[in-house]
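Visitor: My structure is in target_16.txt, and what it holds is compact mmCIF, C-alpha atoms:
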# COMPACT_ATOMS: atom_id res chain seq x y z
CA MET Z 1 27.41 -13.34 -12.37
CA LYS Z 2 25.59 -11.86 -15.36
CA VAL Z 3 21.81 -11.54 -15.00
CA ILE Z 4 19.38 -10.41 -17.68
CA VAL Z 5 16.11 -8.98 -16.35
CA ILE Z 6 13.21 -8.98 -18.81
CA GLY Z 7 10.67 -6.29 -17.95
CA ALA Z 8 11.27 -2.85 -16.47
CA GLY Z 9 8.04 -2.53 -14.58
CA VAL Z 10 8.16 -1.99 -10.85
CA LEU Z 11 9.13 -5.64 -10.18
CA GLY Z 12 11.84 -5.86 -12.82
CA VAL Z 13 13.45 -2.56 -11.88
CA SER Z 14 13.35 -3.46 -8.20
CA VAL Z 15 15.09 -6.81 -8.66
CA ALA Z 16 17.57 -5.27 -11.13
CA ARG Z 17 18.53 -2.67 -8.54
CA GLN Z 18 18.97 -5.26 -5.80
CA LEU Z 19 21.06 -7.48 -8.08
CA ALA Z 20 23.27 -4.54 -9.00
CA VAL Z 21 23.67 -3.60 -5.34
CA ALA Z 22 24.76 -7.19 -4.69
CA GLY Z 23 27.46 -6.86 -7.35
CA ALA Z 24 25.87 -8.72 -10.26
CA ASN Z 25 26.40 -7.66 -13.87
CA VAL Z 26 22.82 -6.66 -14.75
CA LEU Z 27 21.17 -5.99 -18.10
CA LEU Z 28 17.60 -4.70 -17.75
CA LEU Z 29 15.41 -4.92 -20.87
CA ASP Z 30 11.96 -3.52 -21.61
CA GLN Z 31 10.06 -3.46 -24.87
CA ARG Z 32 8.71 0.10 -24.53
CA GLY Z 33 10.16 1.91 -21.55
CA ALA Z 34 10.49 1.61 -17.80
CA GLY Z 35 7.19 1.72 -15.95
CA THR Z 36 5.01 2.07 -19.06
CA GLY Z 37 3.12 -1.24 -18.75
CA THR Z 38 0.95 -2.37 -15.85
CA THR Z 39 2.93 -0.17 -13.46
CA ALA Z 40 1.54 2.91 -15.21
CA THR Z 41 -2.05 1.84 -14.57
CA THR Z 42 -2.12 0.82 -10.93
CA PHE Z 43 -3.99 2.32 -8.00
CA ALA Z 44 -0.69 1.95 -6.09
CA TRP Z 45 -2.11 1.34 -2.60
CA THR Z 46 0.34 -0.39 -0.24
CA ASN Z 47 -1.47 -2.76 2.08
CA SER Z 48 -2.18 -6.25 3.34
CA SER Z 49 -5.80 -5.43 4.07
CA ARG Z 50 -7.57 -8.12 2.09
CA LYS Z 51 -5.06 -10.96 1.84
CA PRO Z 52 -6.66 -13.84 3.81
CA ASP Z 53 -4.09 -16.45 2.78
CA PRO Z 54 -1.55 -16.45 5.67
CA ASP Z 55 1.54 -16.79 3.46
CA TYR Z 56 0.36 -14.02 1.14
CA HIS Z 57 -0.56 -11.79 4.09
CA ARG Z 58 2.93 -12.20 5.60
CA LEU Z 59 4.57 -11.44 2.28
CA ASN Z 60 2.55 -8.25 1.86
CA LEU Z 61 3.35 -7.19 5.43
CA ALA Z 62 7.02 -7.64 4.61
CA GLY Z 63 6.49 -5.57 1.47
CA MET Z 64 5.10 -2.68 3.50
CA THR Z 65 8.05 -2.84 5.90
CA GLU Z 66 10.53 -3.01 3.03
CA HIS Z 67 9.00 0.09 1.43
CA ALA Z 68 9.79 2.10 4.54
CA ARG Z 69 13.37 0.79 4.62
CA LEU Z 70 13.92 1.40 0.92
CA ALA Z 71 12.56 4.95 1.05
CA GLY Z 72 15.62 6.02 3.01
CA GLN Z 73 18.00 4.62 0.39
CA LEU Z 74 16.62 5.80 -2.95
CA PRO Z 75 17.69 9.01 -4.68
CA GLY Z 76 15.19 11.56 -5.93
CA ALA Z 77 12.02 13.03 -4.50
CA PRO Z 78 9.95 10.89 -2.10
CA SER Z 79 7.72 8.39 -3.91
CA TYR Z 80 6.33 6.34 -0.99
CA PHE Z 81 3.94 7.79 1.58
CA THR Z 82 2.63 6.12 4.75
CA SER Z 83 -0.52 8.21 4.65
CA GLY Z 84 -2.80 5.61 6.16
CA ALA Z 85 -6.07 4.58 4.55
CA LEU Z 86 -9.74 5.00 5.37
CA GLN Z 87 -12.46 2.56 4.43
CA TRP Z 88 -16.04 3.81 4.60
CA ALA Z 89 -19.08 1.55 4.66
CA ASP Z 90 -22.77 2.11 4.15
CA SER Z 91 -25.61 -0.22 5.06
CA THR Z 92 -24.86 -2.53 2.12
CA ASN Z 93 -21.29 -3.36 3.11
CA GLU Z 94 -20.91 -2.45 6.79
CA GLN Z 95 -20.89 -6.12 7.81
CA TRP Z 96 -18.17 -6.86 5.24
CA LEU Z 97 -16.03 -4.07 6.70
CA ALA Z 98 -16.73 -5.11 10.29
CA ASP Z 99 -15.71 -8.69 9.57
CA ASN Z 100 -12.51 -7.59 7.85
CA VAL Z 101 -11.52 -5.22 10.67
CA GLU Z 102 -12.12 -7.98 13.23
CA ARG Z 103 -10.01 -10.41 11.19
CA LEU Z 104 -7.16 -7.93 10.80
CA GLN Z 105 -7.19 -6.96 14.46
CA SER Z 106 -6.89 -10.65 15.39
CA LEU Z 107 -3.71 -10.67 13.28
CA HIS Z 108 -2.43 -7.52 15.06
CA TYR Z 109 -2.71 -5.55 11.82
CA PRO Z 110 -3.21 -1.84 12.66
CA ALA Z 111 -6.95 -1.25 12.17
CA HIS Z 112 -9.43 0.68 14.27
CA TRP Z 113 -12.74 2.50 14.05
CA VAL Z 114 -12.86 6.30 13.82
CA THR Z 115 -15.63 8.87 14.06
CA ARG Z 116 -16.81 11.02 11.18
CA ALA Z 117 -14.96 14.01 12.64
CA GLU Z 118 -11.74 12.01 12.97
CA ALA Z 119 -12.11 10.69 9.42
CA THR Z 120 -12.55 14.23 8.09
CA ARG Z 121 -9.33 15.36 9.78
CA ILE Z 122 -7.43 12.36 8.42
CA ALA Z 123 -8.82 12.66 4.89
CA GLY Z 124 -8.09 16.36 4.27
CA SER Z 125 -10.05 19.56 3.95
CA SER Z 126 -11.40 18.88 0.45
CA VAL Z 127 -13.23 15.70 1.42
CA ARG Z 128 -16.49 15.16 3.28
CA VAL Z 129 -18.05 11.97 4.60
CA PRO Z 130 -21.49 11.44 3.01
CA ALA Z 131 -24.51 11.00 5.28
CA THR Z 132 -25.02 7.47 3.91
CA VAL Z 133 -21.76 6.28 5.50
CA THR Z 134 -22.48 4.25 8.65
CA SER Z 135 -19.00 3.14 9.78
CA ILE Z 136 -15.39 4.14 9.09
CA ALA Z 137 -12.20 2.16 9.65
CA HIS Z 138 -8.68 3.58 9.70
CA PHE Z 139 -5.58 1.61 8.68
CA PRO Z 140 -2.65 3.81 9.73
CA GLY Z 141 0.12 1.55 8.42
CA GLU Z 142 -1.07 1.61 4.83
CA GLY Z 143 -0.09 4.14 2.21
CA TYR Z 144 0.52 4.75 -1.46
CA VAL Z 145 3.22 5.10 -4.08
CA LEU Z 146 3.68 7.51 -6.97
CA PRO Z 147 4.50 4.79 -9.53
CA ASP Z 148 6.28 6.85 -12.20
CA LEU Z 149 8.54 8.51 -9.65
CA PHE Z 150 9.14 5.25 -7.79
CA VAL Z 151 10.26 3.42 -10.94
CA ASN Z 152 12.49 6.33 -12.00
CA ASN Z 153 14.13 6.42 -8.56
CA LEU Z 154 14.71 2.65 -8.60
CA LEU Z 155 16.12 2.77 -12.12
CA ALA Z 156 18.44 5.67 -11.30
CA ASP Z 157 19.81 3.77 -8.31
CA ALA Z 158 20.16 0.55 -10.31
CA ARG Z 159 22.21 2.38 -12.92
CA ARG Z 160 24.24 4.11 -10.21
CA HIS Z 161 25.23 0.63 -9.01
CA GLY Z 162 26.25 -0.45 -12.50
CA ALA Z 163 23.11 -1.91 -14.10
CA THR Z 164 22.64 -1.38 -17.82
CA TYR Z 165 19.19 -0.49 -19.16
CA ALA Z 166 18.07 -0.90 -22.77
CA THR Z 167 14.84 -1.07 -24.75
CA GLY Z 168 14.09 -4.07 -26.87
CA GLU Z 169 11.28 -6.58 -27.20
CA ALA Z 170 12.15 -10.07 -26.01
CA VAL Z 171 10.76 -12.60 -28.48
CA GLY Z 172 12.81 -15.67 -27.57
CA LEU Z 173 13.94 -17.30 -24.33
CA ASP Z 174 16.16 -20.37 -24.02
CA ASP Z 175 16.88 -22.12 -20.72
CA SER Z 176 19.90 -24.34 -21.30
CA PRO Z 177 21.97 -26.23 -18.69
CA HIS Z 178 24.87 -23.78 -18.87
CA ARG Z 179 23.49 -20.42 -20.07
CA ALA Z 180 20.16 -18.65 -20.45
CA THR Z 181 19.63 -16.75 -23.68
CA VAL Z 182 17.27 -13.93 -24.62
CA THR Z 183 16.58 -13.04 -28.26
CA LEU Z 184 15.21 -9.60 -29.15
CA ALA Z 185 12.91 -8.68 -32.03
CA ALA Z 186 15.71 -6.68 -33.66
CA GLY Z 187 17.89 -9.80 -33.75
CA GLN Z 188 20.26 -9.20 -30.84
CA VAL Z 189 20.99 -12.19 -28.65
CA HIS Z 190 21.98 -11.76 -24.99
CA SER Z 191 23.27 -14.59 -22.81
CA GLY Z 192 23.69 -14.69 -19.06
CA ASP Z 193 24.14 -16.93 -16.07
CA ARG Z 194 20.53 -16.21 -15.07
CA VAL Z 195 17.43 -14.57 -16.54
CA VAL Z 196 14.78 -12.95 -14.39
CA LEU Z 197 11.44 -13.11 -16.18
CA ALA Z 198 9.49 -10.12 -14.82
CA ALA Z 199 7.46 -9.42 -17.94
CA GLY Z 200 4.07 -9.01 -16.28
CA ARG Z 201 1.18 -10.18 -18.42
CA TRP Z 202 3.60 -11.35 -21.12
CA THR Z 203 5.23 -13.81 -18.72
CA GLN Z 204 3.28 -16.91 -19.77
CA ARG Z 205 4.13 -16.54 -23.46
CA LEU Z 206 7.85 -15.99 -22.88
CA ALA Z 207 8.11 -18.71 -20.25
CA ALA Z 208 6.52 -21.24 -22.60
CA GLN Z 209 9.33 -20.69 -25.11
CA ALA Z 210 11.74 -22.04 -22.50
CA GLY Z 211 9.43 -24.95 -21.66
CA ILE Z 212 8.31 -23.33 -18.41
CA ASN Z 213 4.68 -23.44 -17.28
CA VAL Z 214 3.54 -20.13 -15.75
CA PRO Z 215 -0.28 -20.08 -16.03
CA MET Z 216 -1.70 -16.57 -16.25
CA VAL Z 217 -5.15 -15.12 -16.79
CA THR Z 218 -4.72 -13.89 -20.36
CA ASP Z 219 -8.21 -12.68 -21.31
CA THR Z 220 -8.14 -8.94 -22.10
CA GLY Z 221 -11.65 -8.60 -23.47
CA ARG Z 222 -14.58 -6.61 -22.13
CA GLY Z 223 -15.11 -7.19 -18.42
CA ALA Z 224 -12.13 -9.56 -18.02
CA PRO Z 225 -10.63 -9.69 -14.49
CA THR Z 226 -7.34 -8.44 -15.92
CA VAL Z 227 -8.92 -5.20 -17.16
CA GLY Z 228 -8.83 -2.18 -14.87
CA LEU Z 229 -9.82 1.46 -15.28
CA LEU Z 230 -8.36 4.46 -13.49
CA GLY Z 231 -9.44 8.07 -13.58
CA TYR Z 232 -6.99 10.94 -13.13
CA ALA Z 233 -8.65 14.08 -11.79
CA ARG Z 234 -6.46 17.01 -12.81
CA SER Z 235 -8.99 19.44 -11.41
CA PRO Z 236 -10.22 20.43 -8.99
CA ARG Z 237 -6.97 20.26 -7.05
CA LEU Z 238 -7.74 18.60 -3.74
CA ASP Z 239 -6.36 18.58 -0.24
CA LEU Z 240 -6.43 14.77 -0.01
CA ARG Z 241 -4.10 13.36 2.61
CA CYS Z 242 -4.63 9.59 2.53
CA VAL Z 243 -6.07 6.69 0.55
CA ILE Z 244 -9.87 6.50 0.75
CA HIS Z 245 -12.14 3.58 -0.07
CA SER Z 246 -15.78 4.59 -0.20
CA PRO Z 247 -18.69 2.36 -1.33
CA GLY Z 248 -18.63 3.81 -4.84
CA LEU Z 249 -15.19 5.29 -5.33
CA ASN Z 250 -11.58 4.82 -4.22
CA LEU Z 251 -9.23 7.80 -4.14
CA ARG Z 252 -5.53 8.38 -3.58
CA PRO Z 253 -3.32 11.46 -3.84
CA ALA Z 254 -1.27 11.73 -7.02
CA GLY Z 255 0.87 14.74 -6.15
CA GLY Z 256 0.31 18.40 -6.93
CA GLY Z 257 -3.30 18.26 -5.79
CA HIS Z 258 -4.19 15.68 -8.45
CA THR Z 259 -6.20 12.59 -7.55
CA VAL Z 260 -6.36 9.01 -8.83
CA LEU Z 261 -9.86 7.52 -8.92
CA GLN Z 262 -10.97 3.91 -9.05
CA ALA Z 263 -14.50 2.50 -9.23
CA LEU Z 264 -14.13 -1.26 -9.35
CA ASP Z 265 -17.75 -1.91 -10.30
CA LEU Z 266 -17.24 -0.01 -13.57
CA ASN Z 267 -14.50 -2.36 -14.79
CA ALA Z 268 -17.10 -4.82 -16.12
CA ASP Z 269 -18.23 -2.16 -18.63
CA VAL Z 270 -14.73 -1.41 -19.94
CA ASP Z 271 -13.85 -2.71 -23.39
CA PRO Z 272 -10.13 -2.20 -24.12
CA ALA Z 273 -10.88 -2.41 -27.84
CA ASN Z 274 -13.18 0.59 -27.48
CA PRO Z 275 -11.84 2.57 -24.49
CA PRO Z 276 -14.23 4.91 -22.68
CA SER Z 277 -13.99 8.54 -23.74
CA PRO Z 278 -13.27 11.47 -21.39
CA ASP Z 279 -16.77 12.85 -22.06
CA GLY Z 280 -18.63 9.52 -22.00
CA ASN Z 281 -20.88 7.79 -19.47
CA ILE Z 282 -18.12 6.20 -17.41
CA ALA Z 283 -16.21 9.46 -17.03
CA GLY Z 284 -19.48 11.16 -16.08
CA THR Z 285 -20.18 8.52 -13.45
CA LEU Z 286 -16.73 8.99 -11.92
CA ALA Z 287 -17.20 12.77 -11.87
CA ARG Z 288 -20.60 12.49 -10.15
CA ARG Z 289 -19.28 10.07 -7.54
CA LEU Z 290 -16.30 12.30 -6.84
CA SER Z 291 -18.51 15.36 -6.46
CA THR Z 292 -20.53 13.65 -3.72
CA LEU Z 293 -17.32 13.30 -1.68
CA LEU Z 294 -16.16 16.92 -2.00
CA THR Z 295 -16.75 19.69 0.51
CA ASP Z 296 -17.40 21.93 -2.51
CA PRO Z 297 -19.48 19.79 -4.90
CA SER Z 298 -19.99 22.74 -7.25
CA ARG Z 299 -16.44 22.33 -8.59
CA THR Z 300 -16.77 20.29 -11.79
CA PRO Z 301 -14.17 17.50 -11.98
CA HIS Z 302 -12.14 17.07 -15.14
CA ILE Z 303 -11.04 13.45 -15.42
CA ASP Z 304 -8.70 11.65 -17.80
CA LEU Z 305 -9.17 7.89 -18.17
CA ARG Z 306 -6.58 5.15 -18.51
CA VAL Z 307 -7.27 1.45 -19.19
CA GLY Z 308 -4.75 -1.04 -17.86
CA PHE Z 309 -4.19 -4.78 -17.71
CA ARG Z 310 -3.35 -6.53 -14.46
CA SER Z 311 -0.64 -9.18 -14.25
CA LEU Z 312 -2.74 -11.97 -12.80
CA PRO Z 313 -1.37 -15.49 -12.14
CA ALA Z 314 -3.97 -18.21 -12.65
CA ASP Z 315 -4.41 -18.84 -8.92
CA GLY Z 316 -4.21 -15.16 -7.99
CA HIS Z 317 -0.98 -15.48 -5.98
CA THR Z 318 2.57 -14.32 -6.54
CA ILE Z 319 5.00 -16.46 -8.54
CA ALA Z 320 8.64 -16.27 -7.45
CA GLY Z 321 11.38 -18.77 -8.15
CA TYR Z 322 12.95 -21.17 -10.62
CA ALA Z 323 10.81 -23.57 -12.63
CA SER Z 324 13.06 -26.48 -11.61
CA ALA Z 325 16.31 -27.19 -9.84
CA GLN Z 326 18.11 -27.12 -13.19
CA SER Z 327 16.50 -23.95 -14.53
CA ARG Z 328 18.40 -20.71 -15.00
CA VAL Z 329 15.19 -18.68 -15.47
CA TYR Z 330 13.80 -17.07 -12.33
CA CYS Z 331 10.09 -16.24 -12.74
CA LEU Z 332 8.68 -13.22 -10.94
CA VAL Z 333 5.09 -12.08 -11.38
CA THR Z 334 2.40 -10.81 -9.03
CA HIS Z 335 -0.96 -9.09 -8.81
CA SER Z 336 0.32 -6.92 -5.92
CA GLY Z 337 3.33 -5.40 -7.64
CA ILE Z 338 3.39 -2.03 -5.92
CA THR Z 339 3.19 -3.42 -2.38
CA LEU Z 340 5.53 -6.34 -3.06
CA ALA Z 341 8.15 -4.90 -5.42
CA PRO Z 342 10.70 -3.93 -2.74
CA ILE Z 343 10.55 -7.20 -0.82
CA LEU Z 344 10.36 -9.42 -3.91
CA GLY Z 345 13.29 -7.54 -5.42
CA ARG Z 346 15.44 -8.07 -2.34
CA LEU Z 347 14.48 -11.71 -1.72
CA ALA Z 348 14.72 -12.75 -5.38
CA ALA Z 349 18.12 -11.09 -5.71
CA ALA Z 350 19.30 -12.91 -2.59
CA GLU Z 351 18.20 -16.28 -3.95
CA ILE Z 352 19.82 -15.62 -7.32
CA THR Z 353 23.16 -14.37 -6.03
CA THR Z 354 23.59 -16.62 -2.98
CA GLY Z 355 21.54 -19.70 -3.83
CA GLN Z 356 20.00 -19.56 -0.38
CA GLU Z 357 16.23 -20.06 -0.16
CA GLN Z 358 14.24 -17.19 1.34
CA HIS Z 359 11.48 -18.67 3.50
CA LEU Z 360 8.91 -15.98 2.69
CA LEU Z 361 8.94 -17.17 -0.94
CA ARG Z 362 8.47 -20.91 -0.32
CA ALA Z 363 4.73 -20.87 -0.95
CA PHE Z 364 5.03 -19.05 -4.26
CA ARG Z 365 7.22 -21.26 -6.43
CA PRO Z 366 6.20 -21.84 -10.07
CA THR Z 367 6.66 -25.57 -9.42
CA ARG Z 368 3.23 -25.55 -7.77
CA PHE Z 369 1.73 -25.52 -11.26
CA THR Z 370 3.43 -28.73 -12.33
CA GLY Z 371 0.71 -31.10 -13.49
CA ALA Z 372 -2.03 -28.65 -12.52
CA HIS Z 373 -4.86 -27.59 -14.82
CA HIS Z 374 -6.49 -24.17 -14.63
CA SER Z 375 -9.72 -23.53 -16.50
CA PRO Z 376 -10.62 -20.13 -17.97
CA ASP Z 377 -13.59 -19.95 -15.58
CA GLU Z 378 -11.19 -19.86 -12.62
CA ALA Z 379 -10.34 -16.27 -13.52
CA ASP Z 380 -13.72 -15.15 -12.16
CA GLN Z 381 -12.53 -16.06 -8.66
CA HIS Z 382 -9.82 -13.42 -8.88
CA ALA Z 383 -11.85 -10.39 -9.98
CA THR Z 384 -10.90 -7.50 -7.71
CA LYS Z 385 -13.54 -6.55 -5.13
CA LEU Z 386 -14.03 -3.54 -2.89
CA GLY Z 387 -11.04 -3.19 -0.61
CA GLU Z 388 -8.89 -5.67 -2.57
CA GLN Z 389 -5.80 -4.70 -4.51
In structure tokens, write the structure found in this file.
Guide:
Amino acid sequence: MKVIVIGAGVLGVSVARQLAVAGANVLLLDQRGAGTGTTATTFAWTNSSRKPDPDYHRLNLAGMTEHARLAGQLPGAPSYFTSGALQWADSTNEQWLADNVERLQSLHYPAHWVTRAEATRIAGSSVRVPATVTSIAHFPGEGYVLPDLFVNNLLADARRHGATYATGEAVGLDDSPHRATVTLAAGQVHSGDRVVLAAGRWTQRLAAQAGINVPMVTDTGRGAPTVGLLGYARSPRLDLRCVIHSPGLNLRPAGGGHTVLQALDLNADVDPANPPSPDGNIAGTLARRLSTLLTDPSRTPHIDLRVGFRSLPADGHTIAGYASAQSRVYCLVTHSGITLAPILGRLAAAEITTGQEQHLLRAFRPTRFTGAHHSPDEADQHATKLGEQ
């Protein structure tokens, strides 16, 4: 079986690797380079902490489990870390945190309350808990990924199992009864028994060329729910040992003492057409918020900024499967790519190579959009909130 995978983000590379392991003849295509799209601008927190839909919660739990299994198989330096995560609340959101912890505990999801002293030991020596924090929850099963390293490790293993990787922009997609065909901007035409469409935020446009309806949130203007901002603190180098969600700032280790920062409330002020500067107001706000969390607040943070675009299906949930029983195009797109990439890669590859339905994917078929209408205003329902990823 020959399979063409469009998109070498974390999802595309994951499914390409699993297909190659299963013995398929795999061609992986990306328009710019592996991991350079949405994957390069993700907070990369592995969790099922804020996924109230039961099917989506189970899928994310499976993703966390699959990460641990996959970590023992990939070549290269470790890229997945079960560090645990801390969520801190102040008086404005302590009830929100309490309700979420109670909900997760009822689902037997590892979550418990810790003291300030315990939180300090878990977080690392560079971090202090501000006096305004009133409650702290610990989620020991959660963790994080180093996205660049993870994608490189997946790609190396995919190629080791025989996958071919090439750059080229897909501009045409044809879904015929006997073959699926991909046309590149440079004029090359590739045909295969199946195509996996894992093109992230470009999925809707490419799917439409094959007559497939994959509704996505496509707005990329100022304050759109697809727009996300990350800060990369190169200094000071921190002893940060887990993911932290505080009322004003989220943090995760990035290796080498570097830290990734996320302040979700600032996304509404980000205009991709005029990205915030490293010495502007947004960078200054991130630096001030970080300083309040450091044991040595006199160390001035130096922060680089990166604007990204989330791959957001219209209803906020993963899309995985064929558009119809006759289709040869398998659609794969999600808002939770880092957590779900390993499990979606394995399950999608199993469905493609064996034809056997994987029950965890039943709720996420693109056929659910048949005849459905999604208004632009619906995107507001999927804006990322504190503790969601």
Visitor: Find the distance between CA of Trp202 in chain Z and CA of Thr226 in chain Z and write it in Å to one decimal.
Guide: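 If I compute the distance from CA of Trp202 in chain Z to CA of Thr226 in chain Z, I get 12.5 Å.
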Visitor: May I have the residues within 7 Å of range 12-29 of chain Z as a list in words, using only C-alpha atoms and disregarding those fewer than 3 positions away in the same chain?
Guide: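 Listing them by chain and then by number gives Met1, Lys2, Val3, Ile4, Val5, Ile6, Gly7, Ala8, Gly9, Val151, Leu154, Leu155, Asp157, Ala158, His161, Gly162, Ala163, Thr164, Tyr165, Ala166, Thr167, Gly168, Ala198, Ala341, Pro342, Gly345, Arg346, Ala348 and Ala349 of chain Z.
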Visitor: Rounded to one decimal, what separation in Å do you get between CA of Thr38 in chain Z and CA of Ala89 in chain Z?
Guide: 28.9 Å
Visitor: How far is it from CA of Pro313 in chain Z to CA of Thr334 in chain Z, in Å with one decimal?
Guide: 6.8 Å
Visitor: Tell me which of Z:Ile338, Z:Pro75, Z:Val329, Z:Ala68 sits closest to Pro177 in chain Z, counting all atoms listed in the file.
Guide: Z:Val329
Visitor: Between Z:Leu104, Z:Val182, Z:Ala224, Z:Leu230, single out the one closest to Pro54 in chain Z, counting all atoms listed in the file.
Guide: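 For Pro54 in chain Z, the nearest of the candidates is Z:Leu104.
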Visitor: Pick out the closest residue to Pro276 in chain Z from this set: Z:Leu146, Z:Asp304, Z:Ala44, Z:Ser246. Count all atoms listed in the file.
Guide: Z:Asp304
Visitor: May I have the residues within 9 Å of His178 in chain Z as a list in words, using only C-alpha atoms and disregarding those fewer than 3 positions away in the same chain?
Guide: Asp175, Asp193 and Arg328 of chain Z
Visitor: Z:Asp99, Z:Pro278, Z:His138, Z:Val333: which is nearest Gln204 in chain Z, counting only C-alpha atoms?
Guide: Z:Val333
Visitor: Contacts of range 360-372 of chain Z at 8 Å or less, counting all atoms listed in the file, minus same-chain residues fewer than 6 places along, as a PyMOL selection string?
Guide: chain Z and resi 55+58-59+213-215+317-324+331+347
Visitor: List the neighbours of Ser191 in chain Z out to 7 Å using all atoms listed in the file; skip same-chain residues closer than 2 positions along the sequence, and give me the result as a list of chain:residue names.
Guide: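 My reading of the contact set: Z:Arg179, Z:Ala180, Z:Thr181, Z:Val182, Z:Val189.
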Visitor: Hey, which of Z:Glu357, Z:Glu102, Z:Asp279, Z:Asp271 ends up closest to Ala137 in chain Z? Count all atoms listed in the file.
Guide: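 Counting all atoms listed in the file, the residue closest to Ala137 in chain Z is Z:Glu102.
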Visitor: Excluding Ala131 in chain Z and residues on its chain fewer than 3 positions from it, collect all residues at most 10 Å away from it, counting all atoms listed in the file, and give them as a ChimeraX atom specification.
Guide: /Z:90,116,128,134
Visitor: Compare Z:Gln105, Z:Gln358, Z:Ser311, Z:Ser91 by their minimum atom-to-atom distance to Asp219 in chain Z, counting only C-alpha atoms, and give me the closest one.
Guide: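 Closest to Asp219 in chain Z of all the choices is Z:Ser311.
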Visitor: So which residues fall inside 8 Å of (-3.5, -15.9, -14.4) if we count all atoms listed in the file? Mind giving them as a list of chain:residue names?
Guide: Z:Pro215, Z:Met216, Z:Val217, Z:Thr218, Z:Ser311, Z:Leu312, Z:Pro313, Z:Ala314, Z:Asp315, Z:Gly316, Z:Ala379
